[in-house]
file protein-v2.cif (mmCIF, C-alpha atoms and all ligand atoms)
data_work
loop_
_atom_site.label_atom_id
_atom_site.label_comp_id
_atom_site.auth_asym_id
_atom_site.auth_seq_id
_atom_site.Cartn_x
_atom_site.Cartn_y
_atom_site.Cartn_z
CA GLN A 1 2.67 -9.50 -12.87
CA SER A 2 4.08 -10.94 -16.12
CA GLU A 3 0.54 -12.01 -17.07
CA ILE A 4 -0.66 -8.42 -16.70
CA TYR A 5 2.24 -6.99 -18.73
CA LEU A 6 1.83 -9.59 -21.48
CA ASN A 7 -1.93 -8.97 -21.70
CA GLY A 8 -1.25 -5.26 -21.94
CA MET A 9 1.59 -5.38 -24.44
CA LEU A 10 0.40 -8.21 -26.68
CA ALA A 11 -3.37 -8.04 -26.44
CA GLY A 12 -3.95 -4.43 -25.39
CA ARG A 13 -5.93 -5.67 -22.35
CA THR A 14 -5.49 -3.90 -19.04
CA PRO A 15 -6.84 -5.16 -15.69
CA ALA A 16 -10.55 -4.44 -15.11
CA ILE A 17 -9.77 -3.38 -11.53
CA THR A 18 -6.81 -1.34 -10.36
CA THR A 19 -3.72 -3.23 -9.17
CA ASP A 20 -3.16 -0.44 -6.61
CA LEU A 21 -4.71 -2.24 -3.65
CA ALA A 22 -4.40 0.82 -1.44
CA GLY A 23 -6.52 2.70 -4.02
CA LEU A 24 -9.32 0.12 -4.12
CA GLU A 25 -11.38 1.86 -1.48
CA GLU A 26 -11.90 4.84 -3.76
CA ARG A 27 -13.13 2.58 -6.59
CA ALA A 28 -15.43 0.63 -4.29
CA ARG A 29 -16.99 3.86 -3.02
CA GLU A 30 -18.26 4.44 -6.56
CA VAL A 31 -20.21 1.17 -6.70
CA LEU A 32 -21.37 0.46 -3.14
CA PRO A 33 -24.92 1.57 -2.31
CA PRO A 34 -25.03 4.14 0.55
CA GLU A 35 -26.00 1.76 3.35
CA ALA A 36 -23.40 -0.79 2.36
CA LEU A 37 -20.82 1.96 2.05
CA GLY A 38 -21.68 3.19 5.54
CA TYR A 39 -21.29 -0.28 7.03
CA VAL A 40 -18.22 -1.54 5.18
CA VAL A 41 -15.78 1.34 4.81
CA PRO A 42 -15.94 3.52 7.96
CA SER A 43 -14.55 2.83 11.40
CA ALA A 44 -15.49 3.59 14.98
CA GLY A 45 -15.85 7.15 16.27
CA SER A 46 -13.56 9.69 14.65
CA GLY A 47 -11.75 7.03 12.61
CA ALA A 48 -8.54 7.61 14.59
CA THR A 49 -7.83 3.89 15.06
CA ALA A 50 -8.13 3.05 11.38
CA ARG A 51 -5.84 5.97 10.52
CA ALA A 52 -3.39 4.84 13.19
CA ASN A 53 -3.39 1.35 11.66
CA ARG A 54 -2.18 2.76 8.34
CA ALA A 55 0.21 5.27 9.89
CA ALA A 56 1.92 2.47 11.84
CA PHE A 57 2.91 0.73 8.59
CA ASP A 58 4.39 3.99 7.32
CA ARG A 59 6.67 4.24 10.33
CA TRP A 60 8.64 1.20 9.15
CA ARG A 61 10.93 0.96 6.13
CA ILE A 62 12.15 -2.24 4.50
CA LEU A 63 15.91 -2.73 4.18
CA PRO A 64 16.57 -4.61 0.89
CA ARG A 65 19.47 -7.09 0.65
CA MET A 66 21.29 -7.79 -2.63
CA LEU A 67 22.77 -10.70 -4.62
CA ARG A 68 21.21 -13.42 -2.53
CA GLY A 69 19.58 -15.49 -5.28
CA ALA A 70 15.94 -14.50 -5.60
CA ALA A 71 15.02 -16.63 -8.64
CA ARG A 72 12.86 -19.06 -6.71
CA ARG A 73 10.70 -18.22 -3.72
CA ASP A 74 8.68 -20.42 -1.45
CA LEU A 75 5.92 -18.69 0.45
CA GLY A 76 4.08 -21.87 1.44
CA CYS A 77 3.48 -22.48 5.13
CA THR A 78 1.30 -24.31 7.65
CA VAL A 79 -0.74 -22.26 10.08
CA ALA A 80 -2.85 -23.88 12.82
CA GLY A 81 -2.76 -27.17 10.91
CA THR A 82 -3.81 -25.60 7.58
CA ASP A 83 -1.54 -25.53 4.52
CA LEU A 84 -1.39 -22.09 2.88
CA PRO A 85 0.14 -21.09 -0.47
CA ALA A 86 1.33 -17.87 1.21
CA PRO A 87 0.98 -16.44 4.73
CA VAL A 88 -2.35 -14.74 3.95
CA LEU A 89 -5.94 -15.56 4.95
CA ILE A 90 -9.24 -13.81 4.35
CA ALA A 91 -10.43 -12.10 7.53
CA PRO A 92 -13.86 -13.07 8.83
CA MET A 93 -16.36 -10.50 7.63
CA GLY A 94 -20.11 -10.71 8.00
CA VAL A 95 -23.00 -9.49 5.85
CA GLN A 96 -21.13 -9.81 2.56
CA THR A 97 -24.33 -9.61 0.51
CA LEU A 98 -24.19 -5.90 1.32
CA ALA A 99 -21.21 -5.73 -1.05
CA HIS A 100 -22.47 -8.15 -3.70
CA PRO A 101 -25.59 -10.35 -4.11
CA GLU A 102 -23.50 -13.55 -4.05
CA GLY A 103 -21.75 -12.42 -0.86
CA GLU A 104 -19.77 -15.07 0.98
CA LEU A 105 -20.39 -17.64 -1.76
CA ALA A 106 -18.36 -15.58 -4.24
CA THR A 107 -15.64 -14.93 -1.66
CA ALA A 108 -15.42 -18.61 -0.75
CA ARG A 109 -15.16 -19.60 -4.42
CA ALA A 110 -12.39 -17.07 -5.00
CA ALA A 111 -10.55 -18.25 -1.89
CA ALA A 112 -10.88 -21.87 -2.99
CA ALA A 113 -9.58 -21.08 -6.48
CA LEU A 114 -6.36 -19.77 -4.94
CA GLY A 115 -6.14 -22.09 -1.93
CA VAL A 116 -6.33 -19.13 0.46
CA PRO A 117 -8.22 -19.99 3.67
CA TYR A 118 -11.62 -18.42 4.04
CA VAL A 119 -12.81 -17.62 7.58
CA HIS A 120 -16.58 -17.84 7.90
CA SER A 121 -18.19 -15.21 10.11
CA THR A 122 -21.00 -16.04 12.50
CA GLN A 123 -22.73 -12.98 11.04
CA ALA A 124 -22.51 -14.18 7.44
CA SER A 125 -25.31 -13.75 4.91
CA HIS A 126 -24.97 -17.41 3.93
CA SER A 127 -24.92 -20.46 6.18
CA PHE A 128 -21.94 -22.68 7.12
CA GLU A 129 -23.23 -25.38 4.78
CA GLN A 130 -23.85 -23.12 1.76
CA VAL A 131 -20.39 -21.59 2.01
CA ALA A 132 -18.73 -24.99 2.44
CA GLU A 133 -20.51 -26.25 -0.65
CA ALA A 134 -19.47 -23.16 -2.65
CA GLY A 135 -15.80 -23.60 -1.71
CA GLY A 136 -15.84 -27.35 -2.31
CA PRO A 137 -14.50 -30.17 -0.14
CA ALA A 138 -10.78 -29.39 -0.57
CA ALA A 139 -10.95 -25.66 0.21
CA PRO A 140 -9.33 -24.68 3.52
CA ARG A 141 -11.83 -23.01 5.83
CA TRP A 142 -12.00 -21.81 9.42
CA TYR A 143 -14.95 -20.68 11.49
CA GLN A 144 -15.17 -17.39 13.39
CA LEU A 145 -17.37 -17.54 16.45
CA TYR A 146 -19.31 -14.67 17.91
CA TRP A 147 -20.36 -16.50 21.02
CA PRO A 148 -24.18 -16.40 21.28
CA THR A 149 -25.73 -15.87 24.72
CA ASP A 150 -27.54 -19.22 24.33
CA ARG A 151 -25.17 -22.16 24.91
CA GLU A 152 -27.32 -24.59 22.94
CA VAL A 153 -27.06 -22.33 19.89
CA CYS A 154 -23.32 -22.01 20.49
CA LEU A 155 -22.92 -25.79 20.62
CA SER A 156 -25.05 -26.19 17.53
CA PHE A 157 -22.82 -23.70 15.65
CA LEU A 158 -19.69 -25.60 16.68
CA ARG A 159 -21.21 -28.92 15.60
CA ARG A 160 -22.36 -27.55 12.26
CA ALA A 161 -18.99 -25.92 11.59
CA ARG A 162 -17.19 -29.18 12.35
CA ALA A 163 -19.57 -31.22 10.19
CA ALA A 164 -19.13 -28.78 7.27
CA GLY A 165 -15.32 -29.08 7.36
CA TYR A 166 -14.22 -25.90 9.14
CA SER A 167 -10.92 -26.89 10.73
CA ALA A 168 -9.90 -24.09 13.11
CA LEU A 169 -11.97 -21.90 15.39
CA VAL A 170 -11.42 -18.14 15.61
CA VAL A 171 -13.11 -16.61 18.64
CA THR A 172 -13.56 -12.87 18.24
CA LEU A 173 -13.31 -11.12 21.61
CA ASP A 174 -13.29 -7.44 20.71
CA VAL A 175 -17.05 -7.12 20.18
CA PRO A 176 -18.49 -7.47 23.71
CA LEU A 177 -20.74 -4.69 22.37
CA MET A 178 -20.93 -3.05 18.97
CA GLY A 179 -18.55 -0.09 18.54
CA TRP A 180 -19.79 3.50 18.16
CA ARG A 181 -20.07 3.79 14.38
CA PRO A 182 -21.42 7.20 13.36
CA ALA A 183 -21.94 6.27 9.70
CA ASP A 184 -24.41 3.53 10.70
CA LEU A 185 -25.86 5.44 13.65
CA ASP A 186 -26.63 8.48 11.50
CA ARG A 187 -28.65 6.25 9.18
CA GLY A 188 -30.11 4.22 12.02
CA PHE A 189 -28.92 1.21 10.04
CA LEU A 190 -27.89 -2.18 11.38
CA PRO A 191 -27.97 -4.83 8.63
CA PHE A 192 -28.76 -7.71 11.00
CA LEU A 193 -32.08 -6.23 12.07
CA ASP A 194 -33.01 -6.22 8.38
CA GLY A 195 -32.39 -9.96 8.43
CA VAL A 196 -29.06 -9.59 6.56
CA GLY A 197 -26.11 -11.45 8.07
CA ILE A 198 -28.03 -13.80 10.33
CA ALA A 199 -28.19 -16.81 8.01
CA ASN A 200 -26.33 -19.08 10.43
CA TYR A 201 -29.00 -18.36 13.03
CA LEU A 202 -32.03 -18.61 10.77
CA THR A 203 -30.91 -22.04 9.57
CA ASP A 204 -30.06 -23.31 13.05
CA PRO A 205 -32.32 -25.91 14.69
CA ALA A 206 -31.44 -24.76 18.25
CA PHE A 207 -32.19 -21.12 17.34
CA ARG A 208 -35.41 -21.99 15.55
CA ALA A 209 -36.57 -24.06 18.52
CA GLY A 210 -36.63 -20.84 20.58
CA LEU A 211 -38.99 -19.00 18.20
CA ALA A 212 -42.70 -18.70 18.91
CA ARG A 213 -43.47 -18.83 15.18
CA PRO A 214 -41.45 -20.13 12.19
CA VAL A 215 -38.90 -17.72 10.68
CA GLU A 216 -40.80 -17.76 7.39
CA GLU A 217 -43.97 -16.51 9.09
CA ASP A 218 -42.38 -13.82 11.23
CA PRO A 219 -38.87 -12.81 10.09
CA GLY A 220 -39.03 -9.62 12.18
CA ALA A 221 -39.49 -11.57 15.41
CA ALA A 222 -36.60 -13.86 14.40
CA ALA A 223 -34.32 -10.81 13.94
CA LEU A 224 -35.32 -9.55 17.39
CA HIS A 225 -34.65 -12.98 18.88
CA TRP A 226 -31.19 -12.80 17.28
CA ALA A 227 -30.64 -9.41 18.97
CA GLY A 228 -30.95 -11.19 22.34
CA MET A 229 -28.11 -13.57 21.40
CA PHE A 230 -25.48 -11.14 20.14
CA PRO A 231 -23.44 -9.50 21.46
CA HIS A 232 -22.59 -11.35 24.69
CA PRO A 233 -20.88 -8.87 27.06
CA GLN A 234 -20.92 -11.22 30.07
CA LEU A 235 -18.19 -13.49 28.65
CA GLY A 236 -14.99 -13.88 30.65
CA TRP A 237 -11.79 -15.94 30.55
CA ASP A 238 -13.55 -18.57 32.68
CA ASP A 239 -15.78 -19.39 29.72
CA LEU A 240 -12.93 -20.57 27.51
CA PRO A 241 -12.68 -24.13 28.94
CA PHE A 242 -16.19 -24.69 27.59
CA LEU A 243 -14.92 -24.08 24.07
CA ARG A 244 -11.84 -26.22 24.61
CA GLU A 245 -14.17 -29.00 25.69
CA HIS A 246 -16.42 -28.73 22.65
CA TRP A 247 -13.96 -27.97 19.85
CA ASP A 248 -11.24 -30.50 19.11
CA GLY A 249 -9.29 -28.39 16.58
CA PRO A 250 -7.08 -25.33 17.00
CA ILE A 251 -8.61 -22.27 18.72
CA LEU A 252 -7.34 -18.74 18.07
CA LEU A 253 -8.47 -15.64 19.96
CA LYS A 254 -9.03 -12.61 17.72
CA GLY A 255 -8.79 -9.01 18.90
CA ILE A 256 -5.78 -9.35 21.19
CA CYS A 257 -3.53 -6.28 21.52
CA ALA A 258 -2.31 -6.38 25.15
CA VAL A 259 0.57 -8.67 26.10
CA GLU A 260 -1.32 -9.61 29.29
CA ASP A 261 -4.23 -10.92 27.23
CA ALA A 262 -1.88 -12.90 25.00
CA GLU A 263 -0.37 -14.47 28.15
CA LEU A 264 -3.88 -15.31 29.40
CA ALA A 265 -4.66 -16.93 26.03
CA ALA A 266 -1.61 -19.18 26.48
CA GLU A 267 -2.54 -19.97 30.09
CA HIS A 268 -6.04 -20.95 28.98
CA GLY A 269 -4.75 -23.53 26.52
CA MET A 270 -5.49 -21.59 23.35
CA ASP A 271 -3.48 -22.32 20.19
CA GLY A 272 -3.11 -18.83 18.84
CA VAL A 273 -4.00 -15.16 18.92
CA ILE A 274 -4.86 -12.72 16.18
CA VAL A 275 -3.43 -9.31 16.97
CA SER A 276 -6.15 -7.03 15.66
CA ASN A 277 -8.27 -4.00 16.52
CA HIS A 278 -11.06 -5.07 14.17
CA GLY A 279 -9.81 -2.72 11.47
CA GLY A 280 -10.47 0.22 13.80
CA ARG A 281 -14.18 -0.56 13.98
CA GLN A 282 -14.48 -1.00 17.74
CA VAL A 283 -12.39 1.29 20.00
CA ASP A 284 -11.82 4.79 18.68
CA GLY A 285 -8.37 6.03 19.70
CA ALA A 286 -7.01 2.50 20.20
CA VAL A 287 -3.42 1.46 19.68
CA ALA A 288 -2.52 0.63 16.06
CA ALA A 289 -2.60 -3.14 15.73
CA LEU A 290 0.86 -3.15 14.14
CA ASP A 291 2.29 -1.27 17.13
CA ALA A 292 0.88 -3.95 19.45
CA LEU A 293 2.30 -6.84 17.42
CA PRO A 294 6.03 -7.00 18.34
CA ALA A 295 5.49 -7.20 22.10
CA VAL A 296 2.81 -9.89 21.73
CA ALA A 297 5.02 -11.91 19.37
CA ASP A 298 7.98 -11.60 21.76
CA ALA A 299 5.87 -12.69 24.73
CA VAL A 300 4.01 -15.69 23.31
CA GLY A 301 5.39 -16.33 19.80
CA ASP A 302 7.17 -19.50 20.93
CA ARG A 303 3.99 -20.92 22.51
CA LEU A 304 1.17 -19.60 20.33
CA THR A 305 0.53 -19.00 16.64
CA VAL A 306 0.51 -15.21 16.33
CA LEU A 307 -1.49 -13.85 13.39
CA PHE A 308 -2.20 -10.23 12.50
CA ASP A 309 -4.84 -8.06 10.85
CA SER A 310 -5.98 -4.42 10.65
CA GLY A 311 -4.70 -2.12 7.95
CA VAL A 312 -2.97 -4.59 5.60
CA ARG A 313 -3.28 -3.22 2.07
CA THR A 314 -0.10 -4.14 0.15
CA GLY A 315 2.57 -6.81 -0.22
CA ALA A 316 4.97 -4.52 1.62
CA ASP A 317 2.53 -4.33 4.54
CA VAL A 318 2.52 -8.13 4.76
CA VAL A 319 6.34 -8.16 4.78
CA LYS A 320 6.34 -5.63 7.63
CA ALA A 321 3.84 -7.59 9.73
CA LEU A 322 5.76 -10.84 9.21
CA ALA A 323 9.06 -9.13 10.06
CA LEU A 324 7.49 -7.85 13.30
CA GLY A 325 6.53 -11.36 14.39
CA ALA A 326 3.27 -12.44 12.69
CA ARG A 327 3.14 -15.95 11.21
CA ALA A 328 0.50 -14.84 8.70
CA VAL A 329 -1.89 -11.94 8.11
CA LEU A 330 -5.61 -11.65 7.46
CA LEU A 331 -6.92 -9.32 4.80
CA GLY A 332 -10.12 -7.42 5.57
CA ARG A 333 -11.80 -4.61 3.63
CA PRO A 334 -9.85 -4.96 0.34
CA VAL A 335 -11.55 -8.34 -0.13
CA LEU A 336 -14.96 -6.69 0.19
CA TYR A 337 -13.92 -3.93 -2.21
CA GLY A 338 -12.95 -6.57 -4.78
CA LEU A 339 -16.24 -8.36 -4.11
CA ALA A 340 -18.23 -5.15 -4.61
CA LEU A 341 -16.39 -4.33 -7.83
CA ASP A 342 -16.60 -7.69 -9.57
CA GLY A 343 -17.89 -10.54 -7.38
CA GLN A 344 -15.78 -13.70 -7.31
CA ARG A 345 -13.46 -12.35 -10.04
CA GLY A 346 -12.93 -9.17 -8.05
CA VAL A 347 -11.92 -11.10 -4.92
CA GLU A 348 -9.59 -13.30 -6.97
CA HIS A 349 -8.04 -10.18 -8.47
CA VAL A 350 -7.40 -8.69 -5.03
CA LEU A 351 -5.90 -11.90 -3.66
CA ARG A 352 -3.73 -12.50 -6.70
CA CYS A 353 -2.43 -8.92 -6.64
CA LEU A 354 -1.61 -9.14 -2.94
CA LEU A 355 0.13 -12.50 -3.26
CA ALA A 356 2.07 -11.37 -6.35
CA GLU A 357 3.17 -8.14 -4.70
CA LEU A 358 4.18 -10.05 -1.57
CA ASP A 359 6.18 -12.57 -3.60
CA LEU A 360 7.86 -9.74 -5.50
CA THR A 361 8.68 -7.78 -2.35
CA VAL A 362 10.22 -10.86 -0.76
CA ALA A 363 12.35 -11.32 -3.91
CA LEU A 364 13.29 -7.65 -4.26
CA THR A 365 14.45 -7.52 -0.66
CA GLY A 366 16.79 -10.45 -1.23
CA HIS A 367 14.85 -13.33 0.29
CA THR A 368 13.72 -16.72 -0.96
CA SER A 369 11.19 -17.31 1.82
CA HIS A 370 9.13 -15.15 4.12
CA ARG A 371 10.64 -17.16 6.98
CA GLU A 372 13.84 -15.16 6.57
CA LEU A 373 12.04 -11.93 7.47
CA ASP A 374 12.71 -10.61 10.96
CA ARG A 375 13.36 -7.33 12.78
CA ARG A 376 16.62 -6.89 10.81
CA THR A 377 14.44 -6.55 7.68
CA LEU A 378 13.04 -3.23 8.94
CA LEU A 379 14.30 0.17 9.99
CA PRO A 380 12.18 2.84 11.68
CA ALA A 381 11.21 5.58 9.20
C1 LIG B 1 -15.36 -7.09 9.84
N1 LIG B 1 -14.64 -7.77 10.82
C2 LIG B 1 -15.21 -8.86 11.44
N2 LIG B 1 -14.49 -9.59 12.34
C3 LIG B 1 -15.01 -10.69 12.90
O1 LIG B 1 -14.33 -11.35 13.68
N3 LIG B 1 -16.29 -11.09 12.57
C4 LIG B 1 -17.07 -10.42 11.71
O2 LIG B 1 -18.20 -10.80 11.42
C5 LIG B 1 -16.53 -9.25 11.12
N4 LIG B 1 -17.26 -8.51 10.25
C6 LIG B 1 -16.70 -7.47 9.56
C7 LIG B 1 -17.44 -6.80 8.60
C8 LIG B 1 -16.86 -5.77 7.87
C9 LIG B 1 -17.67 -5.07 6.84
C10 LIG B 1 -15.51 -5.39 8.12
C11 LIG B 1 -14.83 -4.33 7.33
C12 LIG B 1 -14.78 -6.05 9.10
C13 LIG B 1 -13.24 -7.40 11.12
C14 LIG B 1 -12.27 -8.15 10.21
O3 LIG B 1 -12.23 -9.51 10.51
C15 LIG B 1 -10.84 -7.62 10.36
O4 LIG B 1 -10.46 -7.65 11.71
C16 LIG B 1 -10.65 -6.20 9.83
O5 LIG B 1 -11.46 -5.96 8.70
C17 LIG B 1 -9.18 -6.03 9.46
O6 LIG B 1 -8.92 -4.73 9.11
P1 LIG B 1 -8.85 -4.20 7.59
O7 LIG B 1 -8.00 -5.18 6.80
O8 LIG B 1 -10.25 -4.10 7.10
O9 LIG B 1 -8.20 -2.87 7.77
#
call {"tool": "encode", "arguments": {"input": "protein-v2.cif", "output": "structure tokens", "more": "lines below"}}
Ligand code: FNR
result
Amino acid sequence: QSEIYLNGMLAGRTPAITTDLAGLEERAREVLPPEALGYVVPSAGSGATARANRAAFDRWRILPRMLRGAARRDLGCTVAGTDLPAPVLIAPMGVQTLAHPEGELATARAAAALGVPYVHSTQASHSFEQVAEAGGPAAPRWYQLYWPTDREVCLSFLRRARAAGYSALVVTLDVPLMGWRPADLDRGFLPFLDGVGIANYLTDPAFRAGLARPVEEDPGAAALHWAGMFPHPQLGWDDLPFLREHWDGPILLKGICAVEDAELAAEHGMDGVIVSNHGGRQVDGAVAALDALPAVADAVGDRLTVLFDSGVRTGADVVKALALGARAVLLGRPVLYGLALDGQRGVEHVLRCLLAELDLTVALTGHTSHRELDRRTLLPA
């Protein structure tokens, strides 16, 4: 914040991208090509879930406390064995080259520059190894699994992720099938079938072994082969022991909203859950993720690491999610908006703004650490 004011007052330089993170979407709409815009911004069906995600934040108000010594704050924390400068991670998002030619590489570099964990999607436009190299050996990184129908490919993904230094495994459960997304359906556009976002597959020895002809000779057939591997609607809770057996780090289940599912996650030996409705991209008319959070945190918060995403746009939003029981939040679309607007620098800008606004909100509400936030921090609007 002081850097921005000093640049403005002393050097007449204002930020290249707005600091109003909630207004980023509007800016990104101006630069994203139509197909990318249709894939990245919209939600499932009528968009009711994404609107509910935002409305849920508006139903809570922060109650500031005074004269409690806010000169120094400490937002550092450890989540699933990973040290974070603040309780914020980048949500796993695939096909990032739709937003910018450097895609995940730019995002991983920005994340590494700030020490914010990057979560690598199975549907990324760059491979595990490329992204790990871009972030560098010290950068914290997790891997998000979309479980392929072929177990050999699944095992190969887990092995490659481990070898490339991804420390925790996020298993996304809320895509047993793709949601009904009119913006993509109206264009008949699915990036993966264009070969975008399947880099992990195309570089995988187990996947390539199943192809009649090399990827380079017949990319179309490779994309169709991919379509037989994802999604995987047959999966059930009974499949989780397989992952426990083959992944020796923390495992978090993403897409949990029901308390019963959080309990099942605990019973199945998982380490955490991510309360999320996929940013409203899967079930139209679903519960706002923030409304699902308190009950899940109350039920399993002492046994599991409870994280949150879907609708986080500002520092105040992060404070609200933490006060309602999340240990940390994941940031989705705003990262892609920053990426679309200015590549690595754009993502860094978004992260720095969010972290600065979070730090400031913690201070302005009379706290020295986000750990002090709890239900007493909030009042219903
Ligand atoms: C996603 N999300 C997602 N989730 C996941 O587990 N694997 C993935 O590959 C993707 N891909 C993806 C692409 C795009 C373009 C978007 C916008 C989202 C969902 C993501 O991790 C997260 O749950 C939501 O984006 C959070 O909501 P907000 O912050 O976008 O409102």
call {"tool": "closest_residue", "arguments": {"input": "protein-v2.cif", "among": "A:Ala206, A:Val196, A:Val318, A:Leu379", "to": "A:Pro219", "atoms": "only C-alpha atoms"}}
result
A:Val196
call {"tool": "closest_atom_pairs", "arguments": {"input": "protein-v2.cif", "of": "chain A", "to": "ligand LIG 1 (chain B)", "cutoff": "9 Å", "atoms": "all atoms listed in the file", "output": "tab-separated table"}}
result
residue	atom	partner	partner_atom	distance
A:Ala36	CA	B:LIG1	C9	8.4
A:Tyr39	CA	B:LIG1	C9	6.0
A:Val40	CA	B:LIG1	C9	3.9
A:Val41	CA	B:LIG1	C11	6.3
A:Pro42	CA	B:LIG1	C11	8.0
A:Ser43	CA	B:LIG1	C11	8.2
A:Ala50	CA	B:LIG1	O9	6.9
A:Asn53	CA	B:LIG1	O9	7.5
A:Arg54	CA	B:LIG1	O9	8.3
A:Ile90	CA	B:LIG1	O3	8.1
A:Ala91	CA	B:LIG1	O3	4.3
A:Pro92	CA	B:LIG1	O3	4.3
A:Met93	CA	B:LIG1	N4	3.4
A:Gly94	CA	B:LIG1	O2	3.9
A:Val95	CA	B:LIG1	C7	6.8
A:Gln96	CA	B:LIG1	C9	7.3
A:Leu98	CA	B:LIG1	C9	8.6
A:Ala99	CA	B:LIG1	C9	8.7
A:Val119	CA	B:LIG1	O3	8.6
A:His120	CA	B:LIG1	O2	8.0
A:Ser121	CA	B:LIG1	O2	4.6
A:Thr122	CA	B:LIG1	O2	6.0
A:Gln123	CA	B:LIG1	O2	5.0
A:Ala124	CA	B:LIG1	O2	6.8
A:Gln144	CA	B:LIG1	O1	6.1
A:Leu145	CA	B:LIG1	O1	7.4
A:Tyr146	CA	B:LIG1	N3	7.1
A:Val170	CA	B:LIG1	O1	7.6
A:Val171	CA	B:LIG1	O1	7.3
A:Thr172	CA	B:LIG1	O1	4.9
A:Leu173	CA	B:LIG1	O1	8.0
A:Asp174	CA	B:LIG1	O1	8.1
A:Val175	CA	B:LIG1	O1	8.2
A:Gly197	CA	B:LIG1	O2	8.6
A:Lys254	CA	B:LIG1	O1	6.8
A:Gly255	CA	B:LIG1	O4	7.5
A:Ile274	CA	B:LIG1	O4	8.8
A:Val275	CA	B:LIG1	O4	8.9
A:Ser276	CA	B:LIG1	O4	5.9
A:Asn277	CA	B:LIG1	O4	6.4
A:His278	CA	B:LIG1	O4	3.6
A:Gly279	CA	B:LIG1	O6	3.2
A:Gly280	CA	B:LIG1	O6	7.0
A:Arg281	CA	B:LIG1	C12	7.4
A:Phe308	CA	B:LIG1	O4	8.7
A:Asp309	CA	B:LIG1	C17	5.0
A:Ser310	CA	B:LIG1	O6	3.3
A:Gly311	CA	B:LIG1	O9	3.6
A:Val312	CA	B:LIG1	O7	5.2
A:Arg313	CA	B:LIG1	O7	7.0
A:Leu330	CA	B:LIG1	O7	6.9
A:Leu331	CA	B:LIG1	O7	4.7
A:Gly332	CA	B:LIG1	O7	3.3
A:Arg333	CA	B:LIG1	O8	3.8
A:Pro334	CA	B:LIG1	O7	6.7
A:Val335	CA	B:LIG1	O7	8.4
A:Leu336	CA	B:LIG1	C9	7.4
call {"tool": "residues_around", "arguments": {"input": "protein-v2.cif", "residues": "A:Asp218", "least_positions_apart": "6", "cutoff": "12 Å", "atoms": "only C-alpha atoms", "output": "list in words"}}
result
Gly195, Leu202, Arg208, Leu211, Ala212, Leu224 and His225 of chain A
call {"tool": "closest_residue", "arguments": {"input": "protein-v2.cif", "among": "A:Gly346, A:Gly249, A:Gly135, A:Gly165", "to": "A:Arg109", "atoms": "only C-alpha atoms"}}
result
A:Gly135
call {"tool": "atom_distance", "arguments": {"input": "protein-v2.cif", "atom1": "atom CA of A:Ala326", "atom2": "atom CA of A:Ala295"}}
result
11.0 Å
call {"tool": "closest_residue", "arguments": {"input": "protein-v2.cif", "among": "A:Leu290, A:Val153, A:Val347, A:Ile4", "to": "A:Thr107", "atoms": "all atoms listed in the file"}}
result
A:Val347
call {"tool": "axis_aligned_box", "arguments": {"input": "protein-v2.cif", "around": "stretch 224-240 of chain A", "padding_each_side": "8 Å", "output": "AutoDock Vina command-line options"}}
result
--center_x -23.6 --center_y -14.7 --center_z 25.0 --size_x 39.5 --size_y 27.7 --size_z 31.4
call {"tool": "residues_around", "arguments": {"input": "protein-v2.cif", "residues": "A:Ala292", "least_positions_apart": "5", "cutoff": "9 Å", "atoms": "all atoms listed in the file", "output": "PyMOL selection string"}}
result
chain A and resi 256-259+275-276+287+297
call {"tool": "write_last_selection", "arguments": {"input": "protein-v2.cif", "atoms": "C-alpha atoms", "output": "PDB file, in the frame of the given file"}}
result
ATOM      1  CA  ILE A 256      -5.780  -9.350  21.190  1.00  0.00           C
ATOM      2  CA  CYS A 257      -3.530  -6.280  21.520  1.00  0.00           C
ATOM      3  CA  ALA A 258      -2.310  -6.380  25.150  1.00  0.00           C
ATOM      4  CA  VAL A 259       0.570  -8.670  26.100  1.00  0.00           C
ATOM      5  CA  VAL A 275      -3.430  -9.310  16.970  1.00  0.00           C
ATOM      6  CA  SER A 276      -6.150  -7.030  15.660  1.00  0.00           C
ATOM      7  CA  VAL A 287      -3.420   1.460  19.680  1.00  0.00           C
ATOM      8  CA  ALA A 297       5.020 -11.910  19.370  1.00  0.00           C
TER       9      ALA A 297
END
